[in-house]
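Source file my_file24.cif; content: mmCIF, N, CA and C atoms.
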```
data_upload
loop_
_atom_site.group_PDB
_atom_site.id
_atom_site.type_symbol
_atom_site.label_atom_id
_atom_site.label_comp_id
_atom_site.auth_asym_id
_atom_site.auth_seq_id
_atom_site.Cartn_x
_atom_site.Cartn_y
_atom_site.Cartn_z
ATOM 1 N N MET A 1 18.660 -1.109 -6.323
ATOM 2 C CA MET A 1 17.659 -1.798 -7.113
ATOM 3 C C MET A 1 16.839 -2.743 -6.230
ATOM 4 N N LEU A 2 17.532 -3.486 -5.373
ATOM 5 C CA LEU A 2 16.836 -4.421 -4.487
ATOM 6 C C LEU A 2 15.941 -3.675 -3.498
ATOM 7 N N GLU A 3 16.418 -2.550 -3.002
ATOM 8 C CA GLU A 3 15.616 -1.764 -2.051
ATOM 9 C C GLU A 3 14.340 -1.238 -2.713
ATOM 10 N N GLY A 4 14.446 -0.813 -3.952
ATOM 11 C CA GLY A 4 13.264 -0.348 -4.678
ATOM 12 C C GLY A 4 12.254 -1.458 -4.895
ATOM 13 N N ALA A 5 12.748 -2.647 -5.213
ATOM 14 C CA ALA A 5 11.849 -3.785 -5.406
ATOM 15 C C ALA A 5 11.154 -4.169 -4.101
ATOM 16 N N LYS A 6 11.879 -4.063 -2.980
ATOM 17 C CA LYS A 6 11.273 -4.353 -1.688
ATOM 18 C C LYS A 6 10.164 -3.361 -1.372
ATOM 19 N N LEU A 7 10.389 -2.103 -1.664
ATOM 20 C CA LEU A 7 9.367 -1.088 -1.390
ATOM 21 C C LEU A 7 8.141 -1.281 -2.274
ATOM 22 N N ILE A 8 8.355 -1.615 -3.531
ATOM 23 C CA ILE A 8 7.228 -1.874 -4.429
ATOM 24 C C ILE A 8 6.450 -3.103 -3.970
ATOM 25 N N GLY A 9 7.139 -4.152 -3.565
ATOM 26 C CA GLY A 9 6.475 -5.363 -3.076
ATOM 27 C C GLY A 9 5.685 -5.112 -1.804
ATOM 28 N N ALA A 10 6.247 -4.329 -0.887
ATOM 29 C CA ALA A 10 5.519 -4.012 0.347
ATOM 30 C C ALA A 10 4.302 -3.148 0.049
ATOM 31 N N GLY A 11 4.422 -2.241 -0.898
ATOM 32 C CA GLY A 11 3.280 -1.421 -1.293
ATOM 33 C C GLY A 11 2.173 -2.254 -1.904
ATOM 34 N N CYS A 12 2.548 -3.212 -2.721
ATOM 35 C CA CYS A 12 1.538 -4.106 -3.314
ATOM 36 C C CYS A 12 0.890 -4.988 -2.247
ATOM 37 N N ALA A 13 1.647 -5.366 -1.228
ATOM 38 C CA ALA A 13 1.083 -6.212 -0.170
ATOM 39 C C ALA A 13 0.088 -5.440 0.692
ATOM 40 N N THR A 14 0.227 -4.133 0.777
ATOM 41 C CA THR A 14 -0.682 -3.352 1.613
ATOM 42 C C THR A 14 -1.989 -3.009 0.900
ATOM 43 N N ILE A 15 -2.130 -3.359 -0.359
ATOM 44 C CA ILE A 15 -3.397 -3.119 -1.066
ATOM 45 C C ILE A 15 -4.524 -3.906 -0.398
ATOM 46 N N ALA A 16 -4.207 -5.033 0.196
ATOM 47 C CA ALA A 16 -5.228 -5.845 0.873
ATOM 48 C C ALA A 16 -5.835 -5.115 2.058
ATOM 49 N N LEU A 17 -5.140 -4.134 2.615
ATOM 50 C CA LEU A 17 -5.686 -3.384 3.745
ATOM 51 C C LEU A 17 -6.903 -2.569 3.324
ATOM 52 N N ALA A 18 -6.934 -2.090 2.104
ATOM 53 C CA ALA A 18 -8.104 -1.360 1.619
ATOM 54 C C ALA A 18 -9.302 -2.300 1.508
ATOM 55 N N GLY A 19 -9.066 -3.510 1.058
ATOM 56 C CA GLY A 19 -10.138 -4.497 0.988
ATOM 57 C C GLY A 19 -10.663 -4.877 2.360
ATOM 58 N N ALA A 20 -9.770 -4.942 3.335
ATOM 59 C CA ALA A 20 -10.208 -5.255 4.695
ATOM 60 C C ALA A 20 -11.050 -4.119 5.268
ATOM 61 N N GLY A 21 -10.670 -2.904 4.972
ATOM 62 C CA GLY A 21 -11.472 -1.763 5.425
ATOM 63 C C GLY A 21 -12.856 -1.768 4.813
ATOM 64 N N ALA A 22 -12.939 -2.084 3.543
ATOM 65 C CA ALA A 22 -14.247 -2.180 2.884
ATOM 66 C C ALA A 22 -15.048 -3.341 3.460
ATOM 67 N N GLY A 23 -14.395 -4.443 3.760
ATOM 68 C CA GLY A 23 -15.080 -5.597 4.342
ATOM 69 C C GLY A 23 -15.667 -5.292 5.710
ATOM 70 N N ILE A 24 -14.928 -4.554 6.524
ATOM 71 C CA ILE A 24 -15.430 -4.176 7.845
ATOM 72 C C ILE A 24 -16.638 -3.255 7.705
ATOM 73 N N GLY A 25 -16.577 -2.351 6.752
ATOM 74 C CA GLY A 25 -17.717 -1.472 6.506
ATOM 75 C C GLY A 25 -18.947 -2.248 6.066
ATOM 76 N N ILE A 26 -18.747 -3.248 5.238
ATOM 77 C CA ILE A 26 -19.870 -4.075 4.781
ATOM 78 C C ILE A 26 -20.461 -4.879 5.941
ATOM 79 N N VAL A 27 -19.608 -5.399 6.807
ATOM 80 C CA VAL A 27 -20.092 -6.194 7.947
ATOM 81 C C VAL A 27 -20.986 -5.344 8.841
ATOM 82 N N PHE A 28 -20.513 -4.157 9.218
ATOM 83 C CA PHE A 28 -21.301 -3.353 10.146
ATOM 84 C C PHE A 28 -22.475 -2.658 9.448
ATOM 85 N N GLY A 29 -22.355 -2.386 8.166
ATOM 86 C CA GLY A 29 -23.504 -1.885 7.418
ATOM 87 C C GLY A 29 -24.610 -2.914 7.359
ATOM 88 N N SER A 30 -24.236 -4.159 7.173
ATOM 89 C CA SER A 30 -25.227 -5.242 7.163
ATOM 90 C C SER A 30 -25.837 -5.444 8.546
ATOM 91 N N LEU A 31 -25.036 -5.230 9.590
ATOM 92 C CA LEU A 31 -25.575 -5.326 10.952
ATOM 93 C C LEU A 31 -26.663 -4.278 11.170
ATOM 94 N N ILE A 32 -26.391 -3.048 10.774
ATOM 95 C CA ILE A 32 -27.380 -1.980 10.937
ATOM 96 C C ILE A 32 -28.644 -2.294 10.140
ATOM 97 N N ASN A 33 -28.472 -2.770 8.928
ATOM 98 C CA ASN A 33 -29.619 -3.131 8.100
ATOM 99 C C ASN A 33 -30.429 -4.259 8.737
ATOM 100 N N SER A 34 -29.760 -5.258 9.268
ATOM 101 C CA SER A 34 -30.447 -6.401 9.865
ATOM 102 C C SER A 34 -31.176 -6.023 11.151
ATOM 103 N N VAL A 35 -30.553 -5.189 11.965
ATOM 104 C CA VAL A 35 -31.200 -4.770 13.210
ATOM 105 C C VAL A 35 -32.406 -3.884 12.906
ATOM 106 N N ALA A 36 -32.310 -3.097 11.845
ATOM 107 C CA ALA A 36 -33.456 -2.270 11.467
ATOM 108 C C ALA A 36 -34.626 -3.141 11.007
ATOM 109 N N ARG A 37 -34.343 -4.268 10.402
ATOM 110 C CA ARG A 37 -35.410 -5.158 9.940
ATOM 111 C C ARG A 37 -36.008 -5.984 11.078
ATOM 112 N N ASN A 38 -35.157 -6.436 12.006
ATOM 113 C CA ASN A 38 -35.641 -7.303 13.086
ATOM 114 C C ASN A 38 -34.907 -6.957 14.386
ATOM 115 N N PRO A 39 -35.403 -5.974 15.139
ATOM 116 C CA PRO A 39 -34.702 -5.540 16.359
ATOM 117 C C PRO A 39 -34.626 -6.605 17.458
ATOM 118 N N SER A 40 -35.478 -7.602 17.417
ATOM 119 C CA SER A 40 -35.455 -8.607 18.486
ATOM 120 C C SER A 40 -34.237 -9.528 18.408
ATOM 121 N N LEU A 41 -33.557 -9.552 17.289
ATOM 122 C CA LEU A 41 -32.373 -10.408 17.131
ATOM 123 C C LEU A 41 -31.058 -9.649 17.298
ATOM 124 N N THR A 42 -31.109 -8.492 17.944
ATOM 125 C CA THR A 42 -29.934 -7.629 18.030
ATOM 126 C C THR A 42 -28.727 -8.334 18.651
ATOM 127 N N LYS A 43 -28.939 -9.028 19.766
ATOM 128 C CA LYS A 43 -27.817 -9.664 20.463
ATOM 129 C C LYS A 43 -27.166 -10.750 19.606
ATOM 130 N N GLN A 44 -27.962 -11.595 18.969
ATOM 131 C CA GLN A 44 -27.418 -12.663 18.135
ATOM 132 C C GLN A 44 -26.716 -12.092 16.907
ATOM 133 N N LEU A 45 -27.316 -11.081 16.291
ATOM 134 C CA LEU A 45 -26.694 -10.478 15.105
ATOM 135 C C LEU A 45 -25.395 -9.763 15.451
ATOM 136 N N PHE A 46 -25.339 -9.159 16.649
ATOM 137 C CA PHE A 46 -24.102 -8.491 17.051
ATOM 138 C C PHE A 46 -22.968 -9.497 17.222
ATOM 139 N N GLY A 47 -23.286 -10.669 17.736
ATOM 140 C CA GLY A 47 -22.268 -11.726 17.860
ATOM 141 C C GLY A 47 -21.727 -12.146 16.502
ATOM 142 N N TYR A 48 -22.626 -12.282 15.526
ATOM 143 C CA TYR A 48 -22.181 -12.620 14.174
ATOM 144 C C TYR A 48 -21.344 -11.492 13.566
ATOM 145 N N ALA A 49 -21.729 -10.252 13.854
ATOM 146 C CA ALA A 49 -20.975 -9.117 13.312
ATOM 147 C C ALA A 49 -19.567 -9.062 13.896
ATOM 148 N N ILE A 50 -19.438 -9.339 15.187
ATOM 149 C CA ILE A 50 -18.110 -9.337 15.806
ATOM 150 C C ILE A 50 -17.250 -10.458 15.220
ATOM 151 N N LEU A 51 -17.845 -11.609 14.968
ATOM 152 C CA LEU A 51 -17.105 -12.700 14.334
ATOM 153 C C LEU A 51 -16.644 -12.303 12.935
ATOM 154 N N GLY A 52 -17.524 -11.686 12.156
ATOM 155 C CA GLY A 52 -17.144 -11.215 10.823
ATOM 156 C C GLY A 52 -16.063 -10.163 10.874
ATOM 157 N N PHE A 53 -16.159 -9.261 11.865
ATOM 158 C CA PHE A 53 -15.125 -8.245 12.037
ATOM 159 C C PHE A 53 -13.782 -8.888 12.360
ATOM 160 N N ALA A 54 -13.778 -9.860 13.251
ATOM 161 C CA ALA A 54 -12.521 -10.504 13.650
ATOM 162 C C ALA A 54 -11.870 -11.228 12.480
ATOM 163 N N LEU A 55 -12.676 -11.928 11.690
ATOM 164 C CA LEU A 55 -12.105 -12.644 10.547
ATOM 165 C C LEU A 55 -11.578 -11.680 9.479
ATOM 166 N N THR A 56 -12.298 -10.593 9.265
ATOM 167 C CA THR A 56 -11.843 -9.603 8.286
ATOM 168 C C THR A 56 -10.575 -8.910 8.769
ATOM 169 N N GLU A 57 -10.526 -8.607 10.046
ATOM 170 C CA GLU A 57 -9.336 -7.958 10.608
ATOM 171 C C GLU A 57 -8.137 -8.905 10.583
ATOM 172 N N ALA A 58 -8.363 -10.203 10.721
ATOM 173 C CA ALA A 58 -7.262 -11.162 10.644
ATOM 174 C C ALA A 58 -6.617 -11.140 9.266
ATOM 175 N N ILE A 59 -7.426 -11.006 8.226
ATOM 176 C CA ILE A 59 -6.882 -10.909 6.869
ATOM 177 C C ILE A 59 -6.015 -9.651 6.743
ATOM 178 N N ALA A 60 -6.479 -8.552 7.340
ATOM 179 C CA ALA A 60 -5.697 -7.312 7.295
ATOM 180 C C ALA A 60 -4.365 -7.475 8.027
ATOM 181 N N LEU A 61 -4.393 -8.156 9.154
ATOM 182 C CA LEU A 61 -3.146 -8.355 9.895
ATOM 183 C C LEU A 61 -2.181 -9.266 9.147
ATOM 184 N N PHE A 62 -2.717 -10.262 8.439
ATOM 185 C CA PHE A 62 -1.842 -11.101 7.616
ATOM 186 C C PHE A 62 -1.206 -10.291 6.493
ATOM 187 N N ALA A 63 -1.969 -9.409 5.880
ATOM 188 C CA ALA A 63 -1.419 -8.566 4.808
ATOM 189 C C ALA A 63 -0.344 -7.627 5.348
ATOM 190 N N LEU A 64 -0.592 -7.066 6.527
ATOM 191 C CA LEU A 64 0.407 -6.183 7.129
ATOM 192 C C LEU A 64 1.665 -6.953 7.506
ATOM 193 N N MET A 65 1.486 -8.175 7.993
ATOM 194 C CA MET A 65 2.629 -9.014 8.326
ATOM 195 C C MET A 65 3.458 -9.335 7.080
ATOM 196 N N MET A 66 2.795 -9.599 5.963
ATOM 197 C CA MET A 66 3.520 -9.885 4.731
ATOM 198 C C MET A 66 4.314 -8.664 4.267
ATOM 199 N N ALA A 67 3.714 -7.483 4.410
ATOM 200 C CA ALA A 67 4.431 -6.268 4.021
ATOM 201 C C ALA A 67 5.680 -6.086 4.875
ATOM 202 N N PHE A 68 5.562 -6.302 6.182
ATOM 203 C CA PHE A 68 6.735 -6.163 7.050
ATOM 204 C C PHE A 68 7.777 -7.249 6.776
ATOM 205 N N LEU A 69 7.330 -8.456 6.444
ATOM 206 C CA LEU A 69 8.282 -9.505 6.082
ATOM 207 C C LEU A 69 9.049 -9.137 4.820
ATOM 208 N N ILE A 70 8.349 -8.596 3.846
ATOM 209 C CA ILE A 70 9.023 -8.196 2.606
ATOM 210 C C ILE A 70 10.048 -7.103 2.885
ATOM 211 N N LEU A 71 9.679 -6.156 3.752
ATOM 212 C CA LEU A 71 10.583 -5.026 4.013
ATOM 213 C C LEU A 71 11.800 -5.413 4.854
ATOM 214 N N PHE A 72 11.589 -6.201 5.895
ATOM 215 C CA PHE A 72 12.657 -6.372 6.876
ATOM 216 C C PHE A 72 13.353 -7.724 6.868
ATOM 217 N N VAL A 73 12.815 -8.724 6.175
ATOM 218 C CA VAL A 73 13.448 -10.037 6.180
ATOM 219 C C VAL A 73 14.240 -10.291 4.918
ATOM 220 N N PHE A 74 13.658 -9.962 3.775
ATOM 221 C CA PHE A 74 14.317 -10.258 2.510
ATOM 222 C C PHE A 74 15.252 -9.158 2.096
#
```
Would you mind writing the file's structure down as C-alpha cells?
Amino acid sequence: MLEGAKLIGAGCATIALAGAGAGIGIVFGSLINSVARNPSLTKQLFGYAILGFALTEAIALFALMMAFLILFVF
C-alpha cells in the first residue's frame, strides 16, 4: 500500500515537467517572434531568452528532485 502511494505521489510530482516543457517552448517562441519584429536587438533578446530558459528549467529540476525524494527517501 505504501509503495503504491509513493508511486502515485511521484507521478503527481512529475506533472510539473510538462509545464516546464511548455514554458520553454513559450520562451523560445517569443524569442523568434521578437527577433522577427526587431532584428537589431537579437543579442540582448537572446540573453533574456537564456535567462528565461534557465529559470524555467530550474523549476523542472525542482519537480524532478521532489519526485525522486518521494520515491527514495520516504
Between CA of Ala5 (chain A) and atom N of Ala63 (chain A) - distance in Å to one decimal: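 If I compute the distance from atom N of Ala63 (chain A) to CA of Ala5 (chain A), I get 18.7 Å.
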I need the residue set behind the PyMOL selection byres ((chain A and resi 67-70) around 6) for this file; please write it as a compact mmCIF listing (two decimals) with N, CA and C atoms, in the coordinates of the input.
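Below is the file that was written, out.txt:
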```txt
# COMPACT_ATOMS: atom_id res chain seq x y z
N LYS A 6 11.88 -4.06 -2.98
CA LYS A 6 11.27 -4.35 -1.69
C LYS A 6 10.16 -3.36 -1.37
N ALA A 10 6.25 -4.33 -0.89
CA ALA A 10 5.52 -4.01 0.35
C ALA A 10 4.30 -3.15 0.05
N ALA A 13 1.65 -5.37 -1.23
CA ALA A 13 1.08 -6.21 -0.17
C ALA A 13 0.09 -5.44 0.69
N THR A 14 0.23 -4.13 0.78
CA THR A 14 -0.68 -3.35 1.61
C THR A 14 -1.99 -3.01 0.90
N ALA A 63 -1.97 -9.41 5.88
CA ALA A 63 -1.42 -8.57 4.81
C ALA A 63 -0.34 -7.63 5.35
N LEU A 64 -0.59 -7.07 6.53
CA LEU A 64 0.41 -6.18 7.13
C LEU A 64 1.66 -6.95 7.51
N MET A 65 1.49 -8.18 7.99
CA MET A 65 2.63 -9.01 8.33
C MET A 65 3.46 -9.34 7.08
N MET A 66 2.80 -9.60 5.96
CA MET A 66 3.52 -9.88 4.73
C MET A 66 4.31 -8.66 4.27
N LEU A 71 9.68 -6.16 3.75
CA LEU A 71 10.58 -5.03 4.01
C LEU A 71 11.80 -5.41 4.85
N PHE A 72 11.59 -6.20 5.90
CA PHE A 72 12.66 -6.37 6.88
C PHE A 72 13.35 -7.72 6.87
N VAL A 73 12.82 -8.72 6.18
CA VAL A 73 13.45 -10.04 6.18
C VAL A 73 14.24 -10.29 4.92
N PHE A 74 13.66 -9.96 3.78
CA PHE A 74 14.32 -10.26 2.51
C PHE A 74 15.25 -9.16 2.10
```
Surrounding residues of region 58-61 of chain A excluding itself and chain neighbours under 5 positions, 9 Å, only C-alpha atoms, as an MDAnalysis selection string: chainID A and resid 14 16:21 53 66
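Nearest residue to Thr56 (chain A) among A:Gly29, A:Gly9, A:Gly4, A:Gly23 is A:Gly23, counting all atoms listed in the file.
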Do you know which residues lie at most 12 Å from (-17.3, -1.8, 11.7), with coordinates as in the file and only C-alpha atoms counted, and could you write them as a tab-separated table (two decimals) with N, CA and C atoms, in the frame of the given file?
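For reference, out.tsv as written:
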```tsv
chain	number	residue	atom	x	y	z
A	20	ALA	N	-9.77	-4.94	3.34
A	20	ALA	CA	-10.21	-5.26	4.70
A	20	ALA	C	-11.05	-4.12	5.27
A	21	GLY	N	-10.67	-2.90	4.97
A	21	GLY	CA	-11.47	-1.76	5.42
A	21	GLY	C	-12.86	-1.77	4.81
A	22	ALA	N	-12.94	-2.08	3.54
A	22	ALA	CA	-14.25	-2.18	2.88
A	22	ALA	C	-15.05	-3.34	3.46
A	23	GLY	N	-14.40	-4.44	3.76
A	23	GLY	CA	-15.08	-5.60	4.34
A	23	GLY	C	-15.67	-5.29	5.71
A	24	ILE	N	-14.93	-4.55	6.52
A	24	ILE	CA	-15.43	-4.18	7.84
A	24	ILE	C	-16.64	-3.26	7.70
A	25	GLY	N	-16.58	-2.35	6.75
A	25	GLY	CA	-17.72	-1.47	6.51
A	25	GLY	C	-18.95	-2.25	6.07
A	26	ILE	N	-18.75	-3.25	5.24
A	26	ILE	CA	-19.87	-4.08	4.78
A	26	ILE	C	-20.46	-4.88	5.94
A	27	VAL	N	-19.61	-5.40	6.81
A	27	VAL	CA	-20.09	-6.19	7.95
A	27	VAL	C	-20.99	-5.34	8.84
A	28	PHE	N	-20.51	-4.16	9.22
A	28	PHE	CA	-21.30	-3.35	10.15
A	28	PHE	C	-22.48	-2.66	9.45
A	29	GLY	N	-22.36	-2.39	8.17
A	29	GLY	CA	-23.50	-1.88	7.42
A	29	GLY	C	-24.61	-2.91	7.36
A	30	SER	N	-24.24	-4.16	7.17
A	30	SER	CA	-25.23	-5.24	7.16
A	30	SER	C	-25.84	-5.44	8.55
A	31	LEU	N	-25.04	-5.23	9.59
A	31	LEU	CA	-25.58	-5.33	10.95
A	31	LEU	C	-26.66	-4.28	11.17
A	32	ILE	N	-26.39	-3.05	10.77
A	32	ILE	CA	-27.38	-1.98	10.94
A	32	ILE	C	-28.64	-2.29	10.14
A	46	PHE	N	-25.34	-9.16	16.65
A	46	PHE	CA	-24.10	-8.49	17.05
A	46	PHE	C	-22.97	-9.50	17.22
A	49	ALA	N	-21.73	-10.25	13.85
A	49	ALA	CA	-20.98	-9.12	13.31
A	49	ALA	C	-19.57	-9.06	13.90
A	50	ILE	N	-19.44	-9.34	15.19
A	50	ILE	CA	-18.11	-9.34	15.81
A	50	ILE	C	-17.25	-10.46	15.22
A	51	LEU	N	-17.84	-11.61	14.97
A	51	LEU	CA	-17.10	-12.70	14.33
A	51	LEU	C	-16.64	-12.30	12.94
A	52	GLY	N	-17.52	-11.69	12.16
A	52	GLY	CA	-17.14	-11.22	10.82
A	52	GLY	C	-16.06	-10.16	10.87
A	53	PHE	N	-16.16	-9.26	11.86
A	53	PHE	CA	-15.12	-8.24	12.04
A	53	PHE	C	-13.78	-8.89	12.36
A	54	ALA	N	-13.78	-9.86	13.25
A	54	ALA	CA	-12.52	-10.50	13.65
A	54	ALA	C	-11.87	-11.23	12.48
A	56	THR	N	-12.30	-10.59	9.26
A	56	THR	CA	-11.84	-9.60	8.29
A	56	THR	C	-10.58	-8.91	8.77
A	57	GLU	N	-10.53	-8.61	10.05
A	57	GLU	CA	-9.34	-7.96	10.61
A	57	GLU	C	-8.14	-8.90	10.58
```
Point-to-point distance from atom N of Ile8 (chain A) to CA of Leu55 (chain A), Å rounded to tenths: 27.2 Å
Separation of CA of Phe62 (chain A) from atom C of Gln44 (chain A) in Å: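 These atoms are spaced 26.6 Å apart.
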